[in-house]
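Peer 1: Just structure35.tsv, nothing more (TSV, C-alpha atoms):
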chain	number	residue	atom	x	y	z
A	676	MET	CA	98.22	123.36	87.88
A	677	ILE	CA	98.16	119.59	87.77
A	678	ASP	CA	95.08	117.88	89.12
A	679	LEU	CA	95.51	115.21	91.81
A	680	GLU	CA	93.24	112.86	89.86
A	681	LEU	CA	95.61	113.01	86.88
A	682	LEU	CA	98.68	112.69	89.09
A	683	ARG	CA	97.44	109.65	91.04
A	684	PRO	CA	97.41	107.17	88.09
A	685	ALA	CA	100.67	108.57	86.69
A	686	LEU	CA	102.39	107.85	90.01
A	687	ARG	CA	100.90	104.37	90.29
A	688	ALA	CA	101.94	103.53	86.74
A	689	GLY	CA	105.49	104.65	87.53
A	690	TRP	CA	106.01	102.56	90.66
A	691	GLY	CA	108.35	99.61	90.34
A	692	PRO	CA	111.17	97.83	92.14
A	693	ASP	CA	113.55	100.48	90.78
A	694	THR	CA	111.60	103.27	92.53
A	695	CYS	CA	111.21	101.39	95.83
A	696	ASP	CA	113.07	102.39	98.99
A	697	PRO	CA	115.86	99.80	99.42
A	698	HIS	CA	114.63	99.21	103.00
A	699	ASP	CA	111.35	97.82	101.58
A	700	LEU	CA	112.59	96.18	98.40
A	701	ARG	CA	112.35	92.63	99.74
A	702	ASP	CA	108.61	93.24	100.40
A	703	TRP	CA	107.88	94.97	97.08
A	704	HIS	CA	105.92	92.99	94.47
A	705	PRO	CA	103.45	93.81	91.67
A	706	GLY	CA	100.55	92.85	93.97
A	707	ASN	CA	101.63	95.59	96.40
A	708	PRO	CA	103.21	98.22	94.13
A	709	ALA	CA	102.89	101.02	96.73
A	710	ARG	CA	105.30	99.23	99.08
A	711	GLY	CA	108.36	101.40	99.69
A	712	GLN	CA	107.11	104.23	97.47
A	713	CYS	CA	105.93	106.71	100.13
A	714	GLY	CA	108.99	108.96	100.26
A	715	VAL	CA	109.50	109.43	96.54
A	716	THR	CA	105.75	109.70	95.94
A	717	ALA	CA	105.28	112.34	98.63
A	718	LEU	CA	108.20	114.35	97.23
A	719	ILE	CA	106.75	114.31	93.72
A	720	VAL	CA	103.30	115.30	94.97
A	721	HIS	CA	105.02	118.14	96.85
A	722	ASP	CA	106.96	119.13	93.71
A	723	LEU	CA	103.82	119.35	91.60
A	724	LEU	CA	101.06	120.36	94.02
A	725	GLY	CA	102.90	122.09	96.86
A	726	GLY	CA	101.73	121.92	100.46
A	727	GLU	CA	103.57	120.12	103.24
A	728	LEU	CA	105.30	116.79	103.71
A	729	ILE	CA	103.96	114.81	106.66
A	730	LEU	CA	106.01	112.16	108.48
A	731	GLY	CA	104.76	109.38	110.74
A	732	GLU	CA	106.26	106.25	112.25
A	733	VAL	CA	105.40	102.68	111.26
A	734	LEU	CA	104.94	100.28	114.16
A	735	VAL	CA	104.48	96.54	114.44
A	736	GLY	CA	103.11	96.08	117.90
A	737	GLU	CA	105.19	98.45	120.01
A	738	ALA	CA	108.30	98.21	117.80
A	739	LYS	CA	109.16	101.02	115.39
A	740	VAL	CA	109.98	99.47	112.02
A	741	GLY	CA	110.12	102.50	109.78
A	742	HIS	CA	108.77	105.85	108.68
A	743	HIS	CA	105.90	106.83	106.42
A	744	TYR	CA	105.46	110.01	104.36
A	745	TRP	CA	102.35	111.57	102.89
A	746	ASN	CA	101.14	115.05	101.94
A	747	ARG	CA	99.02	117.90	103.18
A	748	LEU	CA	97.91	119.88	100.15
A	749	PRO	CA	97.70	123.69	100.13
A	750	ASP	CA	93.91	123.46	100.67
A	751	GLY	CA	94.48	121.47	103.91
A	752	ARG	CA	93.50	118.02	102.61
A	753	GLU	CA	95.77	115.17	103.64
A	754	VAL	CA	96.59	112.81	100.79
A	755	ASP	CA	98.31	109.47	101.25
A	756	LEU	CA	98.72	107.78	97.87
A	757	THR	CA	100.65	104.85	99.35
A	758	ALA	CA	98.45	104.06	102.38
A	759	GLY	CA	97.54	100.66	100.90
A	760	GLN	CA	101.10	99.33	101.20
A	761	PHE	CA	100.91	98.22	104.82
A	762	HIS	CA	100.72	94.62	105.98
A	763	PRO	CA	98.30	93.50	108.69
A	764	GLY	CA	99.77	94.47	112.05
A	765	GLU	CA	101.60	97.52	110.68
A	766	THR	CA	100.21	100.83	111.90
A	767	VAL	CA	101.21	104.42	111.22
A	768	VAL	CA	101.28	106.67	114.26
A	769	GLY	CA	102.00	110.34	114.70
A	770	SER	CA	102.19	113.02	112.09
A	771	ARG	CA	104.50	115.96	111.95
A	772	VAL	CA	105.36	118.40	109.23
A	773	GLN	CA	108.74	117.55	107.75
A	774	GLN	CA	110.74	120.44	106.31
A	775	ARG	CA	112.17	119.62	102.91
A	776	PRO	CA	115.74	120.64	102.15
A	777	PRO	CA	116.16	122.36	98.77
A	778	GLY	CA	116.93	120.26	95.71
A	779	ALA	CA	116.64	116.55	95.07
A	780	PRO	CA	116.76	114.18	98.04
A	781	ARG	CA	120.06	112.69	99.16
A	782	ARG	CA	118.49	109.39	100.19
A	783	CYS	CA	116.79	107.41	97.39
A	784	ARG	CA	117.82	110.04	94.85
A	785	SER	CA	117.91	107.66	91.88
A	786	GLN	CA	114.49	106.23	92.84
A	787	TYR	CA	113.08	109.76	93.06
A	788	GLU	CA	114.59	110.82	89.73
A	789	THR	CA	113.35	107.66	87.98
A	790	LEU	CA	109.79	108.03	89.27
A	791	ARG	CA	109.73	111.77	88.64
A	792	ARG	CA	110.85	111.27	85.03
A	793	ARG	CA	108.17	108.61	84.46
A	794	VAL	CA	105.44	110.74	86.00
A	795	LEU	CA	106.35	113.87	84.05
A	796	THR	CA	106.53	111.87	80.82
A	797	THR	CA	103.11	110.34	81.46
A	798	LEU	CA	101.61	113.71	82.33
A	799	ALA	CA	103.16	115.30	79.23
A	800	ASP	CA	101.82	112.47	77.05
A	801	THR	CA	98.30	113.10	78.41
A	802	GLY	CA	98.63	116.85	77.93
A	803	ALA	CA	98.46	117.53	81.68
A	804	VAL	CA	101.88	119.23	81.73
A	805	ARG	CA	102.79	121.86	79.19
A	806	GLY	CA	105.77	124.17	78.97
A	807	ARG	CA	108.34	124.43	81.75
A	808	GLN	CA	108.60	121.42	84.04
A	809	PRO	CA	108.46	122.05	87.79
A	810	THR	CA	111.81	121.57	89.49
A	811	PRO	CA	112.41	120.45	93.06
Here is a file; write its structure as structure tokens.

Peer 2:
Amino acid sequence: MIDLELLRPALRAGWGPDTCDPHDLRDWHPGNPARGQCGVTALIVHDLLGGELILGEVLVGEAKVGHHYWNRLPDGREVDLTAGQFHPGETVVGSRVQQRPPGAPRRCRSQYETLRRRVLTTLADTGAVRGRQPTP
């Protein structure tokens, strides 16, 4: 099993404009690398650690401006590796378990595949992943 503390830096190192949700790309920059990475990051955490995907809404004032994903691990801990992406005035409200369809995502598939490849390569290079790679 992969440890969250090994997975966290591998994900952060893999984030880039090419793994960002197109909706957030104009706000992505190296000073805020988590921007637009929540969906692909939550899917990869789910791939490797299991648990549940959690979905909330992002508000600015009363206006809904987007969605935010994070994880609930099998031990019940909630983990949000991209929580630092939000600008002042943006708040995440609600949380509901989101069922994941089988296979790779339809939306942001290339971003997911790019980040997943980077993370698995980093983990393999550190010896954290051996043998068969988990598949979505």

Peer 1: Restricting the calculation to all atoms listed in the file: of A:Ile729, A:Cys695, A:Val735, A:Val715, which residue gets closest to Arg781 (chain A)?

Peer 2: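 The answer is A:Val715, which sits nearest to Arg781 (chain A).
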
Peer 1: Just checking: using all atoms listed in the file, which residue out of A:Arg752, A:Pro697, A:Trp690, A:Gln773 ends up closest to Leu730 (chain A)?

Peer 2: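 Selected residue with least distance to Leu730 (chain A): A:Gln773.
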
Peer 1: Using only C-alpha atoms, determine which residues lie at most 12 Å from Asp722 (chain A), disregarding the query and same-chain residues fewer than 2 positions distant; provide the list as a ChimeraX atom specification.

Peer 2: /A:676-677,682,715-720,724-728,746,748,775,777-780,787-788,791,794-795,808-811

Peer 1: When you count all atoms listed in the file, which of these residues is closest to Val772 (chain A): A:Gly689, A:Gly731, A:Pro684, A:Gly711?

Peer 2: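 Between A:Gly689, A:Gly731, A:Pro684, A:Gly711, the residue approaching Val772 (chain A) most closely is A:Gly731.
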
Peer 1: Point out the residue among A:Ala799, A:Cys713, A:Val767, A:Val754 with the least atom-to-atom distance to Asp696 (chain A), counting all atoms listed in the file.

Peer 2: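 Ranking A:Ala799, A:Cys713, A:Val767, A:Val754 by distance to Asp696 (chain A), first place goes to A:Cys713.
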
Peer 1: Would you compute the distance between CA of Thr757 (chain A) and CA of Gln712 (chain A)? Give it in Å to one decimal.

Peer 2: 6.8 Å

Peer 1: If you measure from CA of Leu723 (chain A) to CA of Thr789 (chain A), what distance in Å do you get, rounded to one decimal?

Peer 2: 15.5 Å

Peer 1: Using Å and a single decimal, report how far CA of Ser770 (chain A) sits from CA of Asp699 (chain A).

Peer 2: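 CA of Ser770 (chain A) lies 20.6 Å from CA of Asp699 (chain A).
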
Peer 1: My list of candidates is A:Ala709, A:Leu700, A:Val733, A:Val740. Which is closest to Gly759 (chain A) when distances are computed with all atoms listed in the file?

Peer 2: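 Looking at the shortest contact to Gly759 (chain A), the residue is A:Ala709.
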
Peer 1: Produce the centre coordinates and the three edge lengths, each in Å to one decimal, of the box along x, y and z that contains all listed atoms of region 681-684 of chain A with 6 Å added on each side, as JSON.

Peer 2:
{"center_x": 97.1, "center_y": 110.1, "center_z": 89.0, "size_x": 15.1, "size_y": 17.8, "size_z": 16.2}

Peer 1: Measuring between only C-alpha atoms, which one of A:Gly714, A:His762, A:Thr797, A:His742 shows the shortest distance to Arg782 (chain A)?

Peer 2: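 Once distances to Arg782 (chain A) are computed over only C-alpha atoms, the minimum belongs to A:Gly714.
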
Peer 1: Taking N, CA, C and O atoms as the atom set, what does region 682-693 of chain A look like once completed, written as an mmCIF file, in the coordinates of the input?

Peer 2:
data_model
loop_
_atom_site.group_PDB
_atom_site.id
_atom_site.type_symbol
_atom_site.label_atom_id
_atom_site.label_comp_id
_atom_site.auth_asym_id
_atom_site.auth_seq_id
_atom_site.Cartn_x
_atom_site.Cartn_y
_atom_site.Cartn_z
ATOM 1 N N LEU A 682 97.383 113.069 88.521
ATOM 2 C CA LEU A 682 98.680 112.690 89.090
ATOM 3 C C LEU A 682 98.648 111.294 89.695
ATOM 4 O O LEU A 682 99.596 110.526 89.535
ATOM 5 N N ARG A 683 97.550 110.948 90.355
ATOM 6 C CA ARG A 683 97.440 109.650 91.040
ATOM 7 C C ARG A 683 97.748 108.462 90.105
ATOM 8 O O ARG A 683 98.626 107.654 90.413
ATOM 9 N N PRO A 684 97.091 108.319 88.949
ATOM 10 C CA PRO A 684 97.410 107.170 88.090
ATOM 11 C C PRO A 684 98.806 107.235 87.468
ATOM 12 O O PRO A 684 99.416 106.203 87.211
ATOM 13 N N ALA A 685 99.316 108.443 87.238
ATOM 14 C CA ALA A 685 100.670 108.570 86.690
ATOM 15 C C ALA A 685 101.695 108.063 87.695
ATOM 16 O O ALA A 685 102.661 107.387 87.323
ATOM 17 N N LEU A 686 101.487 108.364 88.968
ATOM 18 C CA LEU A 686 102.390 107.850 90.010
ATOM 19 C C LEU A 686 102.292 106.335 90.092
ATOM 20 O O LEU A 686 103.304 105.639 90.088
ATOM 21 N N ARG A 687 101.080 105.825 90.168
ATOM 22 C CA ARG A 687 100.900 104.370 90.290
ATOM 23 C C ARG A 687 101.519 103.621 89.121
ATOM 24 O O ARG A 687 102.124 102.572 89.302
ATOM 25 N N ALA A 688 101.362 104.174 87.924
ATOM 26 C CA ALA A 688 101.940 103.530 86.740
ATOM 27 C C ALA A 688 103.463 103.550 86.778
ATOM 28 O O ALA A 688 104.114 102.687 86.185
ATOM 29 N N GLY A 689 104.037 104.515 87.469
ATOM 30 C CA GLY A 689 105.490 104.650 87.530
ATOM 31 C C GLY A 689 106.169 103.835 88.598
ATOM 32 O O GLY A 689 107.390 103.659 88.570
ATOM 33 N N TRP A 690 105.413 103.332 89.575
ATOM 34 C CA TRP A 690 106.010 102.560 90.660
ATOM 35 C C TRP A 690 106.593 101.242 90.154
ATOM 36 O O TRP A 690 105.994 100.566 89.319
ATOM 37 N N GLY A 691 107.733 100.881 90.676
ATOM 38 C CA GLY A 691 108.350 99.610 90.340
ATOM 39 C C GLY A 691 109.436 99.296 91.354
ATOM 40 O O GLY A 691 109.701 100.090 92.260
ATOM 41 N N PRO A 692 110.091 98.160 91.208
ATOM 42 C CA PRO A 692 111.170 97.830 92.140
ATOM 43 C C PRO A 692 112.309 98.845 92.078
ATOM 44 O O PRO A 692 112.997 99.074 93.071
ATOM 45 N N ASP A 693 112.477 99.497 90.925
ATOM 46 C CA ASP A 693 113.550 100.480 90.780
ATOM 47 C C ASP A 693 113.216 101.842 91.389
ATOM 48 O O ASP A 693 114.074 102.712 91.458
#
